[in-house]
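Okay, my_file23.cif now, which holds mmCIF, C-alpha atoms and all ligand atoms:
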data_final
loop_
_atom_site.label_atom_id
_atom_site.label_comp_id
_atom_site.auth_asym_id
_atom_site.auth_seq_id
_atom_site.Cartn_x
_atom_site.Cartn_y
_atom_site.Cartn_z
CA MET A 96 111.69 68.02 91.00
CA THR A 97 113.18 68.59 94.38
CA LYS A 98 112.12 69.09 97.95
CA GLN A 99 115.11 71.31 98.60
CA ALA A 100 115.64 74.84 97.47
CA SER A 101 119.04 75.61 96.07
CA ALA A 102 120.61 76.12 99.49
CA THR A 103 123.60 77.72 97.83
CA ALA A 104 122.54 79.59 94.76
CA PRO A 105 124.55 78.74 91.65
CA ALA A 106 127.02 81.38 90.51
CA PRO A 107 125.63 83.57 87.74
CA LEU A 108 126.43 82.30 84.27
CA SER A 109 128.33 85.54 83.74
CA SER A 110 130.41 85.03 86.88
CA PRO A 111 133.91 86.51 86.44
CA SER A 112 135.23 83.23 87.88
CA SER A 113 134.32 81.51 84.61
CA ALA A 114 137.46 80.29 82.87
CA PRO A 115 138.05 82.15 79.57
CA GLY A 116 136.56 80.31 76.63
CA LYS A 117 134.36 78.21 78.86
CA LEU A 118 131.46 80.63 79.03
CA ALA A 119 130.06 79.62 75.63
CA GLN A 120 130.07 76.00 76.75
CA ARG A 121 128.44 76.82 80.09
CA LEU A 122 125.72 78.82 78.37
CA GLN A 123 125.12 76.09 75.83
CA ASP A 124 124.96 73.36 78.46
CA ALA A 125 122.55 75.33 80.62
CA PHE A 126 120.43 76.29 77.62
CA LEU A 127 120.12 72.79 76.19
CA ALA A 128 119.41 71.26 79.61
CA VAL A 129 116.41 73.54 80.10
CA ARG A 130 115.20 73.22 76.51
CA ASN A 131 115.39 69.42 76.74
CA GLU A 132 113.45 69.39 80.00
CA THR A 133 110.56 71.19 78.28
CA GLU A 134 110.47 68.53 75.59
CA ARG A 135 110.78 65.75 78.16
CA ARG A 136 107.68 67.08 79.89
CA ALA A 137 105.80 67.36 76.61
CA ALA A 138 106.82 63.92 75.37
CA PRO A 139 103.92 61.92 76.92
CA LEU A 140 101.39 64.33 75.37
CA SER A 141 99.77 63.59 72.01
CA PRO A 142 99.21 66.43 69.50
CA GLU A 143 95.56 66.45 70.64
CA ASP A 144 96.62 66.74 74.30
CA GLN A 145 98.90 69.63 73.36
CA GLN A 146 96.10 71.50 71.66
CA ILE A 147 93.61 71.87 74.48
CA GLN A 148 93.00 75.06 76.48
CA SER A 149 90.62 73.94 79.21
CA MET A 150 90.11 77.44 80.66
CA PRO A 151 91.35 80.97 79.95
CA ASP A 152 94.04 80.79 82.66
CA ALA A 153 95.52 77.57 81.30
CA SER A 154 97.44 77.41 78.05
CA PRO A 155 97.93 74.55 75.60
CA ALA A 156 101.18 72.58 76.02
CA LYS A 157 101.94 73.36 72.39
CA TRP A 158 101.61 77.06 73.15
CA HIS A 159 104.02 76.78 76.12
CA ARG A 160 106.55 75.05 73.86
CA ALA A 161 106.19 77.75 71.22
CA HIS A 162 105.97 80.76 73.54
CA THR A 163 109.18 79.86 75.38
CA THR A 164 110.83 79.57 71.98
CA TRP A 165 109.49 82.97 70.91
CA PHE A 166 110.99 84.42 74.10
CA TRP A 167 114.51 83.39 72.94
CA GLU A 168 113.79 84.59 69.43
CA GLN A 169 112.44 87.95 70.58
CA PHE A 170 114.77 88.90 73.41
CA LEU A 171 118.03 87.13 72.60
CA LEU A 172 118.31 86.41 68.88
CA GLY A 173 116.23 89.33 67.63
CA GLU A 174 118.07 91.90 69.72
CA HIS A 175 121.60 90.50 69.90
CA CYS A 176 122.22 88.19 66.94
CA GLN A 177 122.87 90.25 63.83
CA GLY A 178 121.17 88.89 60.72
CA TYR A 179 118.92 86.46 62.54
CA GLN A 180 115.90 85.48 60.45
CA PRO A 181 112.80 84.53 62.47
CA PHE A 182 111.42 81.04 61.81
CA HIS A 183 108.02 82.34 60.73
CA PRO A 184 106.72 85.92 60.38
CA ASP A 185 103.41 85.15 62.16
CA PHE A 186 104.81 83.45 65.23
CA ALA A 187 105.60 86.65 67.12
CA PHE A 188 101.88 87.53 66.99
CA LEU A 189 100.76 84.01 67.92
CA PHE A 190 103.20 83.39 70.74
CA ASN A 191 103.85 86.74 72.44
CA SER A 192 102.12 86.39 75.82
CA TYR A 193 101.68 89.81 77.42
CA TYR A 194 104.63 91.97 76.29
CA VAL A 195 103.00 95.12 74.97
CA SER A 196 106.46 96.51 74.16
CA ALA A 197 107.11 93.52 71.90
CA GLY A 198 104.10 94.21 69.69
CA PRO A 199 100.53 92.98 69.14
CA ARG A 200 99.54 89.48 70.19
CA HIS A 201 96.83 86.85 69.97
CA ALA A 202 94.16 86.87 72.69
CA ARG A 203 95.17 84.81 75.71
CA ASN A 204 91.81 83.09 76.10
CA HIS A 205 91.86 81.90 72.49
CA ARG A 206 95.21 80.12 72.50
CA GLY A 207 93.41 76.79 72.22
CA ASP A 208 91.81 77.89 68.93
CA ILE A 209 95.14 77.78 67.13
CA THR A 210 95.34 74.38 65.42
CA ARG A 211 98.14 75.50 63.14
CA PRO A 212 101.07 75.43 63.58
CA GLY A 213 100.66 71.86 64.78
CA ALA A 214 102.71 70.18 67.48
CA SER A 215 105.27 68.86 65.02
CA GLU A 216 105.79 72.28 63.41
CA VAL A 217 106.28 73.73 66.88
CA GLY A 218 108.92 71.04 67.33
CA ALA A 219 110.61 72.27 64.17
CA TYR A 220 110.39 75.85 65.47
CA ARG A 221 112.09 74.77 68.68
CA ARG A 222 114.88 72.98 66.85
CA TYR A 223 115.45 75.96 64.54
CA VAL A 224 115.78 78.37 67.46
CA ASP A 225 117.89 75.93 69.50
CA ALA A 226 120.36 75.64 66.64
CA ALA A 227 120.46 79.42 66.18
CA VAL A 228 121.07 80.04 69.89
CA VAL A 229 123.84 77.43 70.08
CA LYS A 230 125.48 78.93 66.97
CA PHE A 231 125.21 82.38 68.52
CA PHE A 232 126.87 81.18 71.75
CA ARG A 233 129.72 79.64 69.77
CA GLU A 234 130.36 82.70 67.61
CA ALA A 235 129.55 85.70 69.79
CA GLY A 236 132.83 86.08 71.66
CA GLU A 237 133.57 86.32 75.37
CA ASP A 238 132.71 89.98 75.94
CA LYS A 239 129.34 89.78 74.23
CA LEU A 240 128.50 86.53 75.98
CA ARG A 241 129.34 88.04 79.34
CA ALA A 242 127.03 90.95 78.54
CA ILE A 243 124.09 88.76 77.49
CA ALA A 244 124.53 86.04 80.13
CA PRO A 245 122.05 87.68 82.56
CA LEU A 246 119.46 87.76 79.75
CA VAL A 247 120.10 84.08 79.08
CA GLU A 248 119.46 83.36 82.75
CA VAL A 249 116.12 85.16 82.54
CA GLY A 250 115.25 83.06 79.49
CA LEU A 251 116.17 79.84 81.28
CA ASN A 252 114.16 80.72 84.36
CA HIS A 253 111.26 81.88 82.22
CA GLU A 254 111.17 78.55 80.42
CA GLN A 255 111.31 76.71 83.76
CA GLN A 256 108.26 78.64 84.91
CA HIS A 257 106.43 77.44 81.83
CA GLN A 258 107.58 73.87 82.51
CA GLU A 259 105.64 74.03 85.76
CA LEU A 260 102.63 75.52 83.97
CA MET A 261 102.71 72.69 81.44
CA PHE A 262 101.97 70.29 84.31
CA THR A 263 99.31 72.40 86.01
CA ASP A 264 97.58 73.18 82.74
CA ILE A 265 97.48 69.65 81.36
CA LEU A 266 96.33 68.38 84.76
CA HIS A 267 93.43 70.84 84.62
CA ALA A 268 92.61 69.66 81.09
CA PHE A 269 92.77 65.98 82.03
CA ALA A 270 90.62 66.69 85.10
CA GLN A 271 87.81 67.80 82.74
CA ASN A 272 87.95 64.45 80.94
CA PRO A 273 85.40 61.97 82.39
CA VAL A 274 87.86 59.09 81.98
CA TYR A 275 90.59 60.98 83.92
CA PRO A 276 93.69 60.23 81.81
CA ALA A 277 97.06 59.81 83.46
CA TYR A 278 99.95 61.99 82.34
CA ASP A 279 102.23 59.35 83.88
CA PRO A 280 100.62 56.24 85.47
CA ASP A 281 103.70 55.76 87.68
CA TRP A 282 103.72 59.29 89.06
CA ARG A 283 103.31 59.55 92.85
CA PHE A 284 102.46 62.53 95.03
CA PRO A 285 105.58 63.36 97.08
CA SER A 286 105.41 62.20 100.70
CA ALA A 287 105.44 64.81 103.44
CA THR A 288 108.03 65.16 106.19
CA ARG A 289 106.95 65.09 109.83
CA THR A 290 109.75 65.90 112.24
CA GLY A 291 110.25 68.25 115.17
CA ASP A 292 107.74 70.27 117.15
CA ASP A 293 104.53 71.40 115.48
CA TRP A 294 105.43 75.07 115.82
CA LEU A 295 108.55 77.06 115.09
CA ILE A 296 108.78 80.11 117.34
CA LEU A 297 110.20 83.29 115.87
CA ASN A 298 110.99 85.91 118.48
CA GLU A 299 110.66 89.57 117.63
CA GLY A 300 113.56 90.71 115.50
CA ILE A 301 114.65 92.84 112.57
CA HIS A 302 115.61 90.70 109.59
CA THR A 303 116.86 91.27 106.08
CA VAL A 304 114.37 89.94 103.55
CA GLY A 305 114.74 89.77 99.80
CA HIS A 306 117.60 88.76 97.57
CA VAL A 307 121.00 90.09 98.65
CA ASP A 308 123.64 88.86 96.22
CA ASP A 309 124.12 88.67 92.45
CA SER A 310 123.08 85.04 91.98
CA PHE A 311 120.05 84.73 89.73
CA HIS A 312 116.86 86.28 91.00
CA PHE A 313 113.84 87.99 89.52
CA ASP A 314 113.62 91.74 89.91
CA ASN A 315 110.65 91.41 92.30
CA GLU A 316 112.95 89.85 94.95
CA LYS A 317 114.85 93.12 95.34
CA PRO A 318 115.67 95.51 96.91
CA ALA A 319 116.59 93.49 99.99
CA HIS A 320 115.40 95.43 102.98
CA ARG A 321 114.89 95.13 106.70
CA ALA A 322 111.60 94.05 108.24
CA LEU A 323 110.30 93.61 111.75
CA VAL A 324 109.18 90.00 112.14
CA GLY A 325 107.67 88.29 115.16
CA PRO A 326 106.83 87.28 117.68
CA VAL A 327 105.03 84.59 115.70
CA LYS A 328 104.70 80.83 115.60
CA ILE A 329 104.93 79.20 112.16
CA ALA A 330 103.61 75.70 111.56
CA ARG A 331 106.50 73.40 110.81
CA ASN A 332 104.26 71.21 108.65
CA LEU A 333 101.96 71.76 105.72
CA VAL A 334 98.19 71.44 106.27
CA THR A 335 97.11 67.93 105.28
CA ASN A 336 94.15 66.47 103.44
CA GLY A 337 93.05 64.90 106.72
CA GLU A 338 92.86 68.32 108.35
CA TRP A 339 91.06 69.65 105.31
CA LEU A 340 88.51 66.83 105.48
CA ALA A 341 87.79 67.85 109.09
CA PHE A 342 87.15 71.41 107.87
CA MET A 343 84.77 70.03 105.24
CA ARG A 344 82.96 67.75 107.69
CA ASP A 345 82.49 70.75 109.98
CA GLY A 346 80.64 72.55 107.18
CA GLY A 347 83.56 74.82 106.35
CA TYR A 348 82.46 75.47 102.78
CA ALA A 349 78.90 76.39 103.87
CA ASN A 350 79.73 78.66 106.82
CA ALA A 351 79.82 82.21 105.44
CA THR A 352 81.27 83.60 108.68
CA LEU A 353 84.56 81.85 107.92
CA TRP A 354 84.97 83.48 104.51
CA LEU A 355 86.00 86.76 103.00
CA MET A 356 83.01 88.18 101.15
CA ASP A 357 84.69 87.83 97.75
CA GLY A 358 85.71 84.31 98.67
CA PHE A 359 82.23 83.20 99.64
CA ALA A 360 80.90 84.69 96.43
CA VAL A 361 83.24 82.39 94.49
CA VAL A 362 82.29 79.40 96.68
CA SER A 363 78.62 80.05 95.90
CA LYS A 364 79.08 80.78 92.20
CA GLU A 365 81.38 77.81 91.56
CA ASP A 366 79.64 75.52 94.07
CA TRP A 367 82.96 74.70 95.73
CA GLN A 368 82.62 71.91 98.30
CA ALA A 369 86.20 70.63 98.29
CA PRO A 370 89.63 71.58 96.92
CA GLY A 371 90.18 71.78 93.18
CA HIS A 372 90.33 68.49 91.25
CA TRP A 373 88.58 66.58 94.07
CA ARG A 374 85.74 64.26 93.06
CA GLU A 375 83.37 62.38 95.37
CA VAL A 376 83.07 58.81 94.09
CA ASP A 377 80.75 56.39 95.90
CA GLY A 378 80.95 58.51 99.04
CA ALA A 379 84.74 58.71 99.10
CA TRP A 380 86.89 61.65 98.03
CA GLN A 381 89.31 61.18 95.18
CA VAL A 382 91.66 63.69 93.61
CA MET A 383 92.84 64.10 90.05
CA THR A 384 96.63 63.76 89.89
CA LEU A 385 99.26 63.43 87.18
CA ALA A 386 98.71 59.66 87.60
CA GLY A 387 94.95 59.98 87.12
CA LEU A 388 92.19 59.88 89.73
CA LYS A 389 93.50 58.63 93.10
CA PRO A 390 92.03 58.29 96.61
CA VAL A 391 92.66 61.35 98.77
CA ASP A 392 95.53 60.50 101.14
CA PRO A 393 94.73 62.03 104.55
CA ASP A 394 98.44 62.28 105.41
CA ALA A 395 99.44 64.13 102.25
CA PRO A 396 99.55 67.94 102.11
CA VAL A 397 96.35 69.46 100.76
CA CYS A 398 96.78 70.74 97.22
CA HIS A 399 94.76 72.86 94.76
CA VAL A 400 93.31 75.27 97.29
CA SER A 401 92.79 78.95 96.54
CA TYR A 402 93.80 81.84 98.79
CA TYR A 403 90.13 82.23 99.73
CA GLU A 404 90.01 78.62 100.91
CA ALA A 405 93.36 78.84 102.72
CA ASP A 406 92.17 81.97 104.50
CA ALA A 407 88.84 80.36 105.51
CA PHE A 408 90.62 77.23 106.74
CA ALA A 409 92.99 79.31 108.87
CA ARG A 410 90.06 81.17 110.41
CA TRP A 411 88.25 77.88 111.10
CA ALA A 412 91.41 76.53 112.76
CA GLY A 413 91.65 79.62 114.96
CA LYS A 414 94.95 80.48 113.29
CA HIS A 415 96.25 82.68 110.46
CA LEU A 416 98.27 82.55 107.29
CA PRO A 417 101.85 83.81 107.70
CA THR A 418 103.12 86.91 105.94
CA GLU A 419 105.72 86.37 103.26
CA MET A 420 108.31 87.98 105.55
CA GLU A 421 107.51 85.53 108.33
CA TRP A 422 107.72 82.64 105.87
CA GLU A 423 111.10 83.81 104.57
CA VAL A 424 112.64 84.23 108.01
CA ALA A 425 111.38 80.79 109.07
CA ALA A 426 112.65 79.19 105.86
CA ARG A 427 116.03 80.85 106.25
CA ALA A 428 116.27 79.22 109.69
CA GLY A 429 115.91 75.88 107.89
CA GLN A 430 113.15 74.82 110.22
CA LEU A 431 110.19 74.37 107.90
CA ASN A 432 109.26 70.89 106.74
CA ASP A 433 108.50 70.71 103.03
CA ALA A 434 109.07 74.40 102.39
CA PHE A 435 109.95 73.33 98.85
CA GLY A 436 108.90 70.67 96.41
CA ILE A 437 105.31 69.75 97.27
CA VAL A 438 102.96 72.76 97.24
CA TRP A 439 103.40 76.50 96.93
CA GLN A 440 102.23 78.05 100.17
CA TRP A 441 99.82 80.94 100.29
CA THR A 442 100.84 83.88 102.44
CA ARG A 443 98.55 86.72 103.47
CA SER A 444 100.91 89.25 101.85
CA SER A 445 99.72 91.20 98.88
CA TYR A 446 102.01 91.02 95.89
CA SER A 447 103.42 94.51 95.98
CA PRO A 448 106.78 96.13 95.30
CA TYR A 449 109.52 95.99 97.89
CA PRO A 450 110.60 99.44 99.12
CA GLY A 451 112.35 101.26 96.29
CA TYR A 452 111.53 98.64 93.64
CA ARG A 453 111.74 99.71 90.03
CA ALA A 454 111.02 97.39 87.14
CA ILE A 455 114.03 96.82 84.92
CA GLU A 456 114.34 98.90 81.74
CA GLY A 457 112.87 97.71 78.45
CA ALA A 458 110.33 95.09 77.46
CA LEU A 459 111.49 92.68 80.18
CA GLY A 460 110.37 95.28 82.70
CA GLU A 461 106.90 93.88 81.95
CA TYR A 462 107.95 90.50 83.36
CA ASN A 463 106.93 91.05 86.99
CA GLY A 464 106.30 94.66 87.89
CA LYS A 465 103.04 95.26 86.06
CA PHE A 466 101.32 92.45 87.99
CA MET A 467 101.86 94.02 91.40
CA VAL A 468 98.24 94.59 92.32
CA ASN A 469 95.33 92.40 93.45
CA GLN A 470 97.36 89.20 93.76
CA LEU A 471 98.74 87.30 96.75
CA VAL A 472 102.26 86.01 97.31
CA LEU A 473 103.02 82.31 97.54
CA ARG A 474 106.33 81.04 98.81
CA GLY A 475 108.35 77.84 98.47
CA SER A 476 107.90 75.70 95.37
CA SER A 477 105.82 72.75 94.21
CA LEU A 478 106.16 69.19 93.00
CA ALA A 479 106.11 70.59 89.46
CA THR A 480 108.86 73.16 89.96
CA PRO A 481 111.96 72.19 87.97
CA GLU A 482 115.16 71.25 89.76
CA GLY A 483 117.22 74.27 90.74
CA HIS A 484 114.46 76.83 90.12
CA SER A 485 113.41 77.51 93.72
CA ARG A 486 114.89 79.94 96.22
CA ILE A 487 114.07 81.20 99.70
CA THR A 488 113.47 84.71 98.34
CA TYR A 489 111.31 83.57 95.37
CA ARG A 490 107.96 85.36 95.17
CA ASN A 491 105.26 83.53 93.25
CA PHE A 492 101.89 85.23 92.84
CA PHE A 493 98.36 84.35 91.84
CA TYR A 494 94.89 85.78 92.14
CA PRO A 495 92.99 84.76 95.29
CA HIS A 496 90.50 82.54 93.45
CA HIS A 497 93.14 80.56 91.55
CA ARG A 498 93.50 76.93 92.54
CA TRP A 499 94.65 74.98 89.52
CA GLN A 500 98.27 75.39 90.57
CA PHE A 501 99.86 73.05 93.12
CA THR A 502 98.95 75.33 96.01
CA GLY A 503 98.56 74.60 99.72
CA LEU A 504 99.31 76.25 103.01
CA ARG A 505 100.95 76.26 106.40
CA LEU A 506 99.53 78.17 109.36
CA ALA A 507 100.78 80.90 111.66
CA ASP A 508 99.74 81.69 115.22
CA TYR A 509 100.21 84.84 117.28
CA ASN A 510 99.12 83.52 120.69
FE FE B 1 106.03 83.54 79.50
#

Can the structure in the file be given as structure tokens, please?
Ligand SMILES: [Fe+2]
Amino acid sequence: MTKQASATAPAPLSSPSSAPGKLAQRLQDAFLAVRNETERRAAPLSPEDQQIQSMPDASPAKWHRAHTTWFWEQFLLGEHCQGYQPFHPDFAFLFNSYYVSAGPRHARNHRGDITRPGASEVGAYRRYVDAAVVKFFREAGEDKLRAIAPLVEVGLNHEQQHQELMFTDILHAFAQNPVYPAYDPDWRFPSATRTGDDWLILNEGIHTVGHVDDSFHFDNEKPAHRALVGPVKIARNLVTNGEWLAFMRDGGYANATLWLMDGFAVVSKEDWQAPGHWREVDGAWQVMTLAGLKPVDPDAPVCHVSYYEADAFARWAGKHLPTEMEWEVAARAGQLNDAFGIVWQWTRSSYSPYPGYRAIEGALGEYNGKFMVNQLVLRGSSLATPEGHSRITYRNFFYPHHRWQFTGLRLADYN
């Protein structure tokens, strides 16, 4: 977990600067580091914890552990390792997520119904695939390794995305439990930074946005292109719980004029009166965290708000949400406090293709491109994002009603 993006992106694993013979070791080290982090995150969870699917959007921890393993089996071993025998013939059906090109799959909203394989068998599945991948790296030869290194990087970054989901999904599950279990009793919400002026001024200018070099990136971050940005003021700081409480006290959740129509429909249907995971206990607001239920800290950034809520808050404050281009230019200037490492920040940009975007060829073309409608872009990273996973050009995306992720906001102003 980090509050800094990778300021200098690591060289690709396939970088020609790799010393001959060292590539297998680099791939193995990177692979095992990510695989071990998944297991480290799962370690405090009992088999019962790992089983639960508390809503259709959240997946069991056991499923995350197995699905990330299937990804290596399907896209690396199955396609590039001659003679590889899958661990179990049914696992491709059980643990394929949404890759139509990779064959039929179990229904997403029924992942919690799968009691077998159990958590320990999923552990055995992981160890089997880990050993096969390490053996493959050792035996494949330099040319083949150089060719598959970009695929390995996708697999590593894919598994890191699921590491974050393991936290958001188990937190949602624990938040449904009346005794509010702690994932880690010693966990603390990261403290916010408060330095500099409240507003960063971006004058009108044409800027390059998107990923420009060959360091790792997802396909949705390209093509880099030029965009007219500004004049705009971007809030240097994240919106806090204290500011959110003022919105609530002012009747923000009940005032339909502040809300998009779809947003107010969700507020009414779900009876939203506060951010996700908040509970009112004896007249005081508490929030479910990875350490259990804790008092809401007015100085901490607000977390677990949907796009609809972020949009309504901005309207109430007489401000706006920034576009993703404005966010990226401000972040590149290094002037945003807590751009990374606490909460993903909603932008008002629809998740759509950059000019000239084409999904990559093959099944992995389903990774990002087919989701480019009806969702909103979030920028930055969160307290659950693994070390080294974030970038200034990273485009996260969720539906506007989603709020079980670690999501917050910063404001923009055009006056
Ligand atoms: Fe996945």

Problem set entry | Protein, DNA and RNA residues within 12 Å of (118.1, 74.3, 78.7), only C-alpha atoms, as a PyMOL selection string | chain A and resi 121-135+163-164+167+221+225+228-229+247-255+258+481-482

Near ligand FE 1 (chain B), 9 Å: chain A residue rows, closest pairs, only C-alpha atoms and all ligand atoms, as CSV:
residue,atom,partner,partner_atom,distance
A:His159,CA,B:FE1,FE,7.8
A:His162,CA,B:FE1,FE,6.6
A:Thr163,CA,B:FE1,FE,6.4
A:Phe166,CA,B:FE1,FE,7.4
A:Asn191,CA,B:FE1,FE,8.1
A:Ser192,CA,B:FE1,FE,6.1
A:Tyr193,CA,B:FE1,FE,7.9
A:His253,CA,B:FE1,FE,6.1
A:Glu254,CA,B:FE1,FE,7.2
A:Gln256,CA,B:FE1,FE,7.6
A:His257,CA,B:FE1,FE,6.5
A:Tyr462,CA,B:FE1,FE,8.2

Exercise. From the set A:Leu504, A:Ile329, A:Val438, A:Arg486, which residue has the shortest atom-to-atom contact distance to Ala407 (chain A), counting only C-alpha atoms?
Worked result: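 Smallest separation from Ala407 (chain A) among the options: A:Leu504.
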
For this session: Record the distance separating CA of Tyr449 (chain A) and CA of Thr488 (chain A), expressed in Å with one decimal.
Result: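 Atom-to-atom, CA of Tyr449 (chain A) to CA of Thr488 (chain A), that is 12.0 Å.
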
Seminar exercise, completed: Nearest to Ala244 (chain A), restricted to only C-alpha atoms and choosing among A:Phe269, A:Phe232, A:Trp380, A:Phe262, comes out as A:Phe232

Exercise. Please, what distance in Å, to one decimal, runs between CA of Gly387 (chain A) and CA of Arg136 (chain A)?
Worked result: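 Separation of CA of Gly387 (chain A) and CA of Arg136 (chain A): 16.3 Å.
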
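Of the residues under consideration (A:Ile296, A:Trp373, A:Ala458, A:Phe284), A:Phe284 shows the shortest atom-to-atom contact distance to Gly436 (chain A) when counting all atoms listed in the file.
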
Seminar exercise, completed: Computed gap from CA of Leu297 (chain A) to CA of Gln470 (chain A) is 26.2 Å

Please rebuild region 227-243 of chain A with N, CA and C atoms and return the result as a compact mmCIF listing (two decimals), in the coordinates of the input.
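Saved result, result.txt, follows:
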# COMPACT_ATOMS: atom_id res chain seq x y z
N ALA A 227 120.01 78.03 66.34
CA ALA A 227 120.46 79.42 66.18
C ALA A 227 121.10 79.94 67.47
N VAL A 228 120.52 79.57 68.61
CA VAL A 228 121.07 80.04 69.89
C VAL A 228 122.44 79.40 70.13
N VAL A 229 122.55 78.11 69.88
CA VAL A 229 123.84 77.43 70.08
C VAL A 229 124.91 78.04 69.16
N LYS A 230 124.53 78.30 67.92
CA LYS A 230 125.48 78.93 66.97
C LYS A 230 125.89 80.31 67.48
N PHE A 231 124.93 81.04 67.98
CA PHE A 231 125.21 82.38 68.52
C PHE A 231 126.20 82.28 69.70
N PHE A 232 125.96 81.34 70.61
CA PHE A 232 126.87 81.18 71.75
C PHE A 232 128.30 80.87 71.27
N ARG A 233 128.40 80.06 70.24
CA ARG A 233 129.72 79.64 69.77
C ARG A 233 130.47 80.77 69.07
N GLU A 234 129.71 81.70 68.46
CA GLU A 234 130.36 82.70 67.61
C GLU A 234 130.43 84.10 68.22
N ALA A 235 129.72 84.32 69.32
CA ALA A 235 129.55 85.70 69.79
C ALA A 235 130.80 86.30 70.43
N GLY A 236 131.65 85.51 71.00
CA GLY A 236 132.83 86.08 71.66
C GLY A 236 132.57 86.34 73.13
N GLU A 237 133.66 86.29 73.91
CA GLU A 237 133.57 86.32 75.37
C GLU A 237 132.88 87.59 75.92
N ASP A 238 133.26 88.74 75.38
CA ASP A 238 132.71 89.98 75.94
C ASP A 238 131.21 90.06 75.72
N LYS A 239 130.77 89.71 74.51
CA LYS A 239 129.34 89.78 74.23
C LYS A 239 128.59 88.74 75.07
N LEU A 240 129.17 87.57 75.19
CA LEU A 240 128.50 86.53 75.98
C LEU A 240 128.36 86.95 77.44
N ARG A 241 129.41 87.59 77.95
CA ARG A 241 129.34 88.04 79.34
C ARG A 241 128.23 89.08 79.49
N ALA A 242 128.07 89.90 78.48
CA ALA A 242 127.03 90.95 78.54
C ALA A 242 125.62 90.36 78.46
N ILE A 243 125.45 89.30 77.66
CA ILE A 243 124.09 88.76 77.49
C ILE A 243 123.78 87.61 78.45
